[in-house]
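Dropping coords.pdb in here (PDB, C-alpha atoms):
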```pdb
ATOM      1  CA  GLY A  25     -36.226 -10.605 -23.375
ATOM      2  CA  ARG A  26     -33.385 -12.614 -21.945
ATOM      3  CA  PHE A  27     -29.676 -12.726 -22.744
ATOM      4  CA  ARG A  28     -28.239 -15.831 -24.357
ATOM      5  CA  ALA A  29     -24.661 -16.807 -25.087
ATOM      6  CA  ILE A  30     -23.593 -16.591 -28.753
ATOM      7  CA  SER A  31     -20.297 -17.122 -30.584
ATOM      8  CA  TRP A  32     -18.026 -14.364 -31.846
ATOM      9  CA  ASP A  33     -19.029 -15.210 -35.425
ATOM     10  CA  GLU A  34     -22.701 -14.799 -34.561
ATOM     11  CA  ALA A  35     -21.991 -11.538 -32.752
ATOM     12  CA  LEU A  36     -20.063 -10.131 -35.708
ATOM     13  CA  GLY A  37     -22.802 -11.277 -38.047
ATOM     14  CA  GLU A  38     -25.365  -9.366 -35.985
ATOM     15  CA  LEU A  39     -23.260  -6.237 -35.554
ATOM     16  CA  ALA A  40     -21.590  -5.793 -38.954
ATOM     17  CA  PRO A  41     -24.775  -5.107 -40.987
ATOM     18  CA  ARG A  42     -25.912  -2.530 -38.458
ATOM     19  CA  LEU A  43     -22.566  -0.756 -38.596
ATOM     20  CA  LYS A  44     -22.628  -0.756 -42.386
ATOM     21  CA  ASP A  45     -26.048   0.893 -42.337
ATOM     22  CA  SER A  46     -24.948   3.507 -39.797
ATOM     23  CA  ALA A  47     -23.601   6.930 -40.711
ATOM     24  CA  GLY A  48     -20.646   8.483 -38.936
ATOM     25  CA  VAL A  49     -19.308   5.287 -37.365
ATOM     26  CA  THR A  50     -16.343   5.772 -35.060
ATOM     27  CA  ILE A  51     -14.389   2.972 -33.386
ATOM     28  CA  VAL A  52     -12.051   3.771 -30.512
ATOM     29  CA  ALA A  53      -9.690   0.925 -29.643
ATOM     30  CA  PRO A  54      -6.076   0.246 -28.731
ATOM     31  CA  PRO A  55      -3.793  -0.799 -31.606
ATOM     32  CA  VAL A  56      -3.855  -4.512 -30.779
ATOM     33  CA  LYS A  57      -4.916  -7.594 -32.683
ATOM     34  CA  SER A  58      -8.347  -8.601 -31.440
ATOM     35  CA  GLN A  59     -11.945  -8.958 -32.537
ATOM     36  CA  VAL A  60     -11.863  -5.201 -33.121
ATOM     37  CA  GLU A  61      -9.694  -5.922 -36.170
ATOM     38  CA  HIS A  62     -12.556  -7.932 -37.652
ATOM     39  CA  LEU A  63     -14.854  -4.964 -37.173
ATOM     40  CA  ARG A  64     -12.322  -2.736 -38.936
ATOM     41  CA  ARG A  65     -12.651  -4.877 -42.049
ATOM     42  CA  LEU A  66     -16.422  -5.206 -41.852
ATOM     43  CA  VAL A  67     -17.540  -1.615 -41.369
ATOM     44  CA  VAL A  68     -17.907   0.933 -44.127
ATOM     45  CA  PRO A  69     -14.648   2.186 -45.695
ATOM     46  CA  GLY A  70     -15.382   5.742 -44.616
ATOM     47  CA  ALA A  71     -15.613   4.931 -40.898
ATOM     48  CA  THR A  72     -13.369   6.833 -38.499
ATOM     49  CA  PHE A  73     -10.878   4.801 -36.473
ATOM     50  CA  VAL A  74      -9.301   6.318 -33.392
ATOM     51  CA  SER A  75      -6.472   4.312 -31.848
ATOM     52  CA  HIS A  76      -5.095   4.998 -28.401
ATOM     53  CA  ARG A  77      -2.259   3.596 -26.368
ATOM     54  CA  PRO A  78      -3.208   1.916 -23.089
ATOM     55  CA  TYR A  79      -2.189   4.082 -20.121
ATOM     56  CA  HIS A  80       0.202   1.401 -18.889
ATOM     57  CA  GLU A  81       2.225   1.191 -22.103
ATOM     58  CA  PRO A  82       5.910   1.230 -21.008
ATOM     59  CA  ALA A  83       6.833   3.664 -23.775
ATOM     60  CA  ASP A  84       4.446   6.198 -22.278
ATOM     61  CA  VAL A  85       4.652   5.476 -18.568
ATOM     62  CA  ASP A  86       8.315   4.689 -17.931
ATOM     63  CA  PRO A  87       9.795   8.076 -18.936
ATOM     64  CA  SER A  88       7.261   9.979 -16.847
ATOM     65  CA  LEU A  89       7.916   7.776 -13.810
ATOM     66  CA  PHE A  90      11.655   8.235 -14.234
ATOM     67  CA  LEU A  91      11.353  12.013 -14.428
ATOM     68  CA  THR A  92       9.008  12.275 -11.423
ATOM     69  CA  GLN A  93      10.104   9.385  -9.210
ATOM     70  CA  GLY A  94      13.617   8.537 -10.388
ATOM     71  CA  ALA A  95      12.913   4.923 -11.308
ATOM     72  CA  TRP A  96      12.025   3.088 -14.515
ATOM     73  CA  GLY A  97       8.832   1.077 -14.355
ATOM     74  CA  HIS A  98       5.975   1.060 -11.895
ATOM     75  CA  ALA A  99       6.880   1.270  -8.230
ATOM     76  CA  ALA A 100       5.241  -0.809  -5.516
ATOM     77  CA  TYR A 101       3.302   1.023  -2.828
ATOM     78  CA  ASP A 102       4.685   0.740   0.685
ATOM     79  CA  PHE A 103       1.410   0.147   2.505
ATOM     80  CA  GLY A 104       3.263  -1.448   5.413
ATOM     81  CA  ASN A 105       4.895   1.833   6.404
ATOM     82  CA  THR A 106       1.964   4.075   5.524
ATOM     83  CA  ASP A 107      -0.216   5.740   8.145
ATOM     84  CA  LEU A 108      -2.783   7.151   5.731
ATOM     85  CA  VAL A 109      -3.741   6.633   2.085
ATOM     86  CA  LEU A 110      -5.750   9.459   0.511
ATOM     87  CA  SER A 111      -7.164   8.088  -2.735
ATOM     88  CA  PHE A 112      -8.691  10.264  -5.442
ATOM     89  CA  ASN A 113     -10.824   7.798  -7.424
ATOM     90  CA  SER A 114      -8.037   5.222  -7.583
ATOM     91  CA  SER A 115      -9.998   2.039  -6.986
ATOM     92  CA  PHE A 116      -6.855   0.032  -6.331
ATOM     93  CA  LEU A 117      -8.627  -2.812  -4.524
ATOM     94  CA  GLU A 118     -10.410  -3.872  -7.709
ATOM     95  CA  ARG A 119      -8.539  -2.534 -10.734
ATOM     96  CA  PHE A 120      -4.864  -1.921 -10.221
ATOM     97  CA  ARG A 121      -1.512  -3.150 -11.424
ATOM     98  CA  SER A 122      -0.242  -6.271  -9.613
ATOM     99  CA  TYR A 123      -3.741  -6.778  -8.260
ATOM    100  CA  GLY A 124      -2.969  -9.785  -6.067
ATOM    101  CA  GLU A 125       0.146  -8.235  -4.578
ATOM    102  CA  THR A 126      -1.709  -4.981  -3.887
ATOM    103  CA  LEU A 127      -4.416  -6.851  -1.990
ATOM    104  CA  ARG A 128      -1.872  -8.847  -0.018
ATOM    105  CA  LEU A 129       0.191  -5.840   1.058
ATOM    106  CA  PHE A 130      -2.831  -3.693   1.857
ATOM    107  CA  GLY A 131      -4.522  -6.472   3.833
ATOM    108  CA  LYS A 132      -1.344  -7.178   5.785
ATOM    109  CA  ALA A 133      -0.947  -3.508   6.711
ATOM    110  CA  ARG A 134      -4.591  -3.253   7.776
ATOM    111  CA  ALA A 135      -4.324  -6.375   9.910
ATOM    112  CA  LYS A 136      -1.569  -4.631  11.882
ATOM    113  CA  GLY A 137      -3.822  -1.645  12.513
ATOM    114  CA  GLY A 138      -2.139   0.716  10.055
ATOM    115  CA  CYS A 139      -2.776   2.230   6.638
ATOM    116  CA  LYS A 140      -5.972   4.190   7.204
ATOM    117  CA  LEU A 141      -7.797   4.728   3.902
ATOM    118  CA  ILE A 142      -9.808   7.780   2.821
ATOM    119  CA  HIS A 143     -11.269   7.260  -0.638
ATOM    120  CA  ALA A 144     -13.022   9.856  -2.820
ATOM    121  CA  GLU A 145     -15.098   8.463  -5.693
ATOM    122  CA  PRO A 146     -18.568   9.128  -7.140
ATOM    123  CA  ARG A 147     -19.727   5.534  -6.592
ATOM    124  CA  ARG A 148     -19.336   3.330  -3.555
ATOM    125  CA  SER A 149     -16.942   0.885  -5.180
ATOM    126  CA  VAL A 150     -15.221  -2.073  -3.544
ATOM    127  CA  THR A 151     -12.403   0.270  -2.519
ATOM    128  CA  GLY A 152     -14.882   2.821  -1.182
ATOM    129  CA  SER A 153     -16.757   0.201   0.817
ATOM    130  CA  ARG A 154     -13.497  -0.967   2.424
ATOM    131  CA  ALA A 155     -12.299   2.545   3.238
ATOM    132  CA  ASP A 156     -12.351   4.061   6.714
ATOM    133  CA  GLN A 157     -14.014   7.045   5.071
ATOM    134  CA  TRP A 158     -15.673   7.138   1.659
ATOM    135  CA  ILE A 159     -16.229  10.624   0.221
ATOM    136  CA  PRO A 160     -18.933  10.806  -2.470
ATOM    137  CA  ILE A 161     -17.812  13.350  -5.060
ATOM    138  CA  ARG A 162     -19.116  14.745  -8.334
ATOM    139  CA  PRO A 163     -17.542  12.953 -11.320
ATOM    140  CA  GLY A 164     -14.440  14.631 -12.689
ATOM    141  CA  THR A 165     -13.853  16.990  -9.742
ATOM    142  CA  GLU A 166     -11.085  15.090  -7.935
ATOM    143  CA  ASP A 167      -8.601  17.828  -8.831
ATOM    144  CA  MET A 168     -10.728  20.468  -7.101
ATOM    145  CA  LEU A 169     -10.919  18.336  -3.969
ATOM    146  CA  ALA A 170      -7.149  17.861  -3.943
ATOM    147  CA  LEU A 171      -6.501  21.589  -4.445
ATOM    148  CA  SER A 172      -8.924  22.636  -1.706
ATOM    149  CA  ILE A 173      -7.250  20.171   0.675
ATOM    150  CA  ALA A 174      -3.903  21.659  -0.347
ATOM    151  CA  HIS A 175      -5.281  25.107   0.489
ATOM    152  CA  VAL A 176      -5.971  24.035   4.071
ATOM    153  CA  LEU A 177      -2.584  22.323   4.416
ATOM    154  CA  ILE A 178      -0.730  25.417   3.193
ATOM    155  CA  LYS A 179      -2.814  27.963   5.083
ATOM    156  CA  GLU A 180      -2.444  26.099   8.379
ATOM    157  CA  GLY A 181       1.264  25.390   7.887
ATOM    158  CA  ARG A 182       0.790  21.624   7.627
ATOM    159  CA  VAL A 183       3.385  21.191   4.868
ATOM    160  CA  ASN A 184       7.071  20.311   4.970
ATOM    161  CA  ARG A 185       8.329  23.703   3.857
ATOM    162  CA  THR A 186      11.989  22.680   4.057
ATOM    163  CA  PHE A 187      11.433  19.795   1.649
ATOM    164  CA  LEU A 188       9.387  21.967  -0.694
ATOM    165  CA  ASP A 189      12.019  24.709  -0.756
ATOM    166  CA  ASP A 190      14.869  22.262  -1.345
ATOM    167  CA  HIS A 191      13.305  19.856  -3.824
ATOM    168  CA  VAL A 192      10.238  21.383  -5.523
ATOM    169  CA  PHE A 193      10.482  24.077  -8.165
ATOM    170  CA  GLY A 194       7.458  26.309  -8.608
ATOM    171  CA  TYR A 195       5.931  25.922  -5.151
ATOM    172  CA  ALA A 196       6.848  29.488  -4.190
ATOM    173  CA  ASP A 197       6.774  32.495  -6.504
ATOM    174  CA  PHE A 198       9.896  32.648  -8.628
ATOM    175  CA  VAL A 199      11.775  34.970 -10.963
ATOM    176  CA  GLY A 200      12.215  33.567 -14.463
ATOM    177  CA  PRO A 201      15.046  34.089 -16.948
ATOM    178  CA  ASP A 202      13.063  37.023 -18.331
ATOM    179  CA  GLY A 203      13.393  38.824 -15.005
ATOM    180  CA  ARG A 204       9.671  38.635 -14.330
ATOM    181  CA  THR A 205       8.146  37.245 -11.144
ATOM    182  CA  HIS A 206       5.931  34.231 -11.793
ATOM    183  CA  GLU A 207       3.176  33.007  -9.537
ATOM    184  CA  GLY A 208       3.923  29.758  -7.749
ATOM    185  CA  PHE A 209       1.666  26.910  -6.707
ATOM    186  CA  ARG A 210       1.317  28.240  -3.150
ATOM    187  CA  SER A 211       0.008  31.653  -4.179
ATOM    188  CA  ARG A 212      -2.382  30.216  -6.754
ATOM    189  CA  VAL A 213      -3.865  27.654  -4.375
ATOM    190  CA  LEU A 214      -4.329  30.167  -1.555
ATOM    191  CA  ARG A 215      -6.027  32.605  -3.932
ATOM    192  CA  ASP A 216      -8.309  30.332  -5.960
ATOM    193  CA  PHE A 217      -8.985  27.055  -4.166
ATOM    194  CA  ASP A 218     -10.379  27.664  -0.695
ATOM    195  CA  PRO A 219     -12.625  24.969   0.844
ATOM    196  CA  ARG A 220     -15.846  26.780  -0.120
ATOM    197  CA  THR A 221     -14.804  26.853  -3.778
ATOM    198  CA  GLY A 222     -13.847  23.185  -3.547
ATOM    199  CA  SER A 223     -17.150  22.309  -1.910
ATOM    200  CA  ASP A 224     -19.194  24.115  -4.558
ATOM    201  CA  ALA A 225     -17.357  22.238  -7.310
ATOM    202  CA  THR A 226     -17.243  18.758  -5.768
ATOM    203  CA  GLY A 227     -20.342  18.564  -3.607
ATOM    204  CA  VAL A 228     -18.159  17.591  -0.629
ATOM    205  CA  PRO A 229     -19.079  19.548   2.541
ATOM    206  CA  ILE A 230     -16.582  22.171   3.693
ATOM    207  CA  ASP A 231     -16.084  20.541   7.104
ATOM    208  CA  ILE A 232     -15.115  17.234   5.461
ATOM    209  CA  ILE A 233     -12.537  18.963   3.260
ATOM    210  CA  ILE A 234     -11.007  20.669   6.294
ATOM    211  CA  ASN A 235     -11.070  17.534   8.466
ATOM    212  CA  VAL A 236      -9.429  15.396   5.744
ATOM    213  CA  ALA A 237      -6.653  17.982   5.410
ATOM    214  CA  ARG A 238      -6.065  17.949   9.152
TER     215      ARG A 238
END
```
Render the structure in this file as structure tokens.
Amino acid sequence: GRFRAISWDEALGELAPRLKDSAGVTIVAPPVKSQVEHLRRLVVPGATFVSHRPYHEPADVDPSLFLTQGAWGHAAYDFGNTDLVLSFNSSFLERFRSYGETLRLFGKARAKGGCKLIHAEPRRSVTGSRADQWIPIRPGTEDMLALSIAHVLIKEGRVNRTFLDDHVFGYADFVGPDGRTHEGFRSRVLRDFDPRTGSDATGVPIDIIINVAR
């Protein structure tokens, strides 16, 4: 068969009867007024509706950015003064906030010979194809890649220890109010996330993990 263009009314007319005849219907959609609202009224009364807030909702994003970065709202990325971007499945060249501005700033930095890009993502996306190095990775294992890279950085002393000691709580082991010593990020990463463990989880070769860290 071949696809043909139809109107929204035709589409709803085709879909609604099928939904009504289906058991256990679940619709997941943001709480916005759209064609999804028509489906809400057309499906069986017992259907399950799961609403979610888009990740960029200010009410959700702004407080977290303020607490972690000290500013309300999304910050721009300073590609012009960046030597290296290490991207964990953030396909910012095709699906990012301020898309046009991101492309302009990134392209300008690249034209000057800066802003090397290493991009880890399961598929060779637009961002991956434009990267200096694309790292194919098993879906959902970006955290393991990041932690195994951190292992190499910490083990080889490639971290700014002064900054970490002065500004980051929980990097080193610490004594809590209860008088007990708690394991910090450094100890946990060195114990559990060596490059071999990261490689087994992500499918990324050990030598690539080590070379990216260096």
Could you spell out the hits of the PyMOL selection byres ((chain A and resi 168-181) around 9) on the shown file, as a CSV table (one decimal) with C-alpha atoms, in the frame of the given file?
```
chain,number,residue,atom,x,y,z
A,112,PHE,CA,-8.7,10.3,-5.4
A,144,ALA,CA,-13.0,9.9,-2.8
A,161,ILE,CA,-17.8,13.4,-5.1
A,164,GLY,CA,-14.4,14.6,-12.7
A,165,THR,CA,-13.9,17.0,-9.7
A,166,GLU,CA,-11.1,15.1,-7.9
A,167,ASP,CA,-8.6,17.8,-8.8
A,182,ARG,CA,0.8,21.6,7.6
A,183,VAL,CA,3.4,21.2,4.9
A,184,ASN,CA,7.1,20.3,5.0
A,185,ARG,CA,8.3,23.7,3.9
A,210,ARG,CA,1.3,28.2,-3.2
A,213,VAL,CA,-3.9,27.7,-4.4
A,214,LEU,CA,-4.3,30.2,-1.6
A,215,ARG,CA,-6.0,32.6,-3.9
A,216,ASP,CA,-8.3,30.3,-6.0
A,217,PHE,CA,-9.0,27.1,-4.2
A,218,ASP,CA,-10.4,27.7,-0.7
A,219,PRO,CA,-12.6,25.0,0.8
A,220,ARG,CA,-15.8,26.8,-0.1
A,221,THR,CA,-14.8,26.9,-3.8
A,222,GLY,CA,-13.8,23.2,-3.5
A,223,SER,CA,-17.2,22.3,-1.9
A,225,ALA,CA,-17.4,22.2,-7.3
A,226,THR,CA,-17.2,18.8,-5.8
A,228,VAL,CA,-18.2,17.6,-0.6
A,233,ILE,CA,-12.5,19.0,3.3
A,234,ILE,CA,-11.0,20.7,6.3
A,236,VAL,CA,-9.4,15.4,5.7
A,237,ALA,CA,-6.7,18.0,5.4
A,238,ARG,CA,-6.1,17.9,9.2
```
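Between atom CA of A:Thr106 and atom CA of A:Gln157 there is a distance of 16.3 Å.
Between atom CA of A:Gly131 and atom CA of A:Ser153 there is a distance of 14.3 Å.
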- Query: What is the distance, in Å and to one decimal place, between atom CA of A:Asn235 and atom CA of A:Ala196?
  - Reply: 25.0 Å
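Between A:Val192 and the residues A:Phe116, A:Phe90, A:Phe209, A:Trp32, the shortest atom-to-atom distance, using all atoms listed in the file, involves A:Phe209.
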- Please provide the set of residues having any atom within 8 Å of A:Ala155, restricted to all atoms listed in the file, with same-chain residues fewer than 5 positions apart removed, written as a ChimeraX atom specification. /A:140-143
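Among A:Thr126, A:Ala29, A:Pro163, A:Tyr195, the residue with the shortest atom-to-atom distance to A:Gly208, counting all atoms listed in the file, is A:Tyr195.
Minimum distance to A:Leu117 across A:Gly25, A:Glu34, A:Ser149, A:Glu207 (counting all atoms listed in the file) occurs at A:Ser149.
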Once 3 Å is added on each side, what centre and edge lengths in Å to one decimal does the axis-aligned box around all listed atoms of stretch 100-114 of chain A have, as lines of an AutoDock Vina configuration file?
```
center_x = -2.8
center_y = 4.4
center_z = 0.3
size_x = 22.1
size_y = 17.7
size_z = 21.7
```
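Checking A:Val199, A:Leu39, A:Val109, A:Leu188 one by one against A:Thr151, counting only C-alpha atoms, you find the shortest gap at A:Val109.
Using all atoms listed in the file, the nearest neighbour of A:Gly152 within the list A:Ser115, A:Asp202, A:Lys136, A:Ala95 is A:Ser115.
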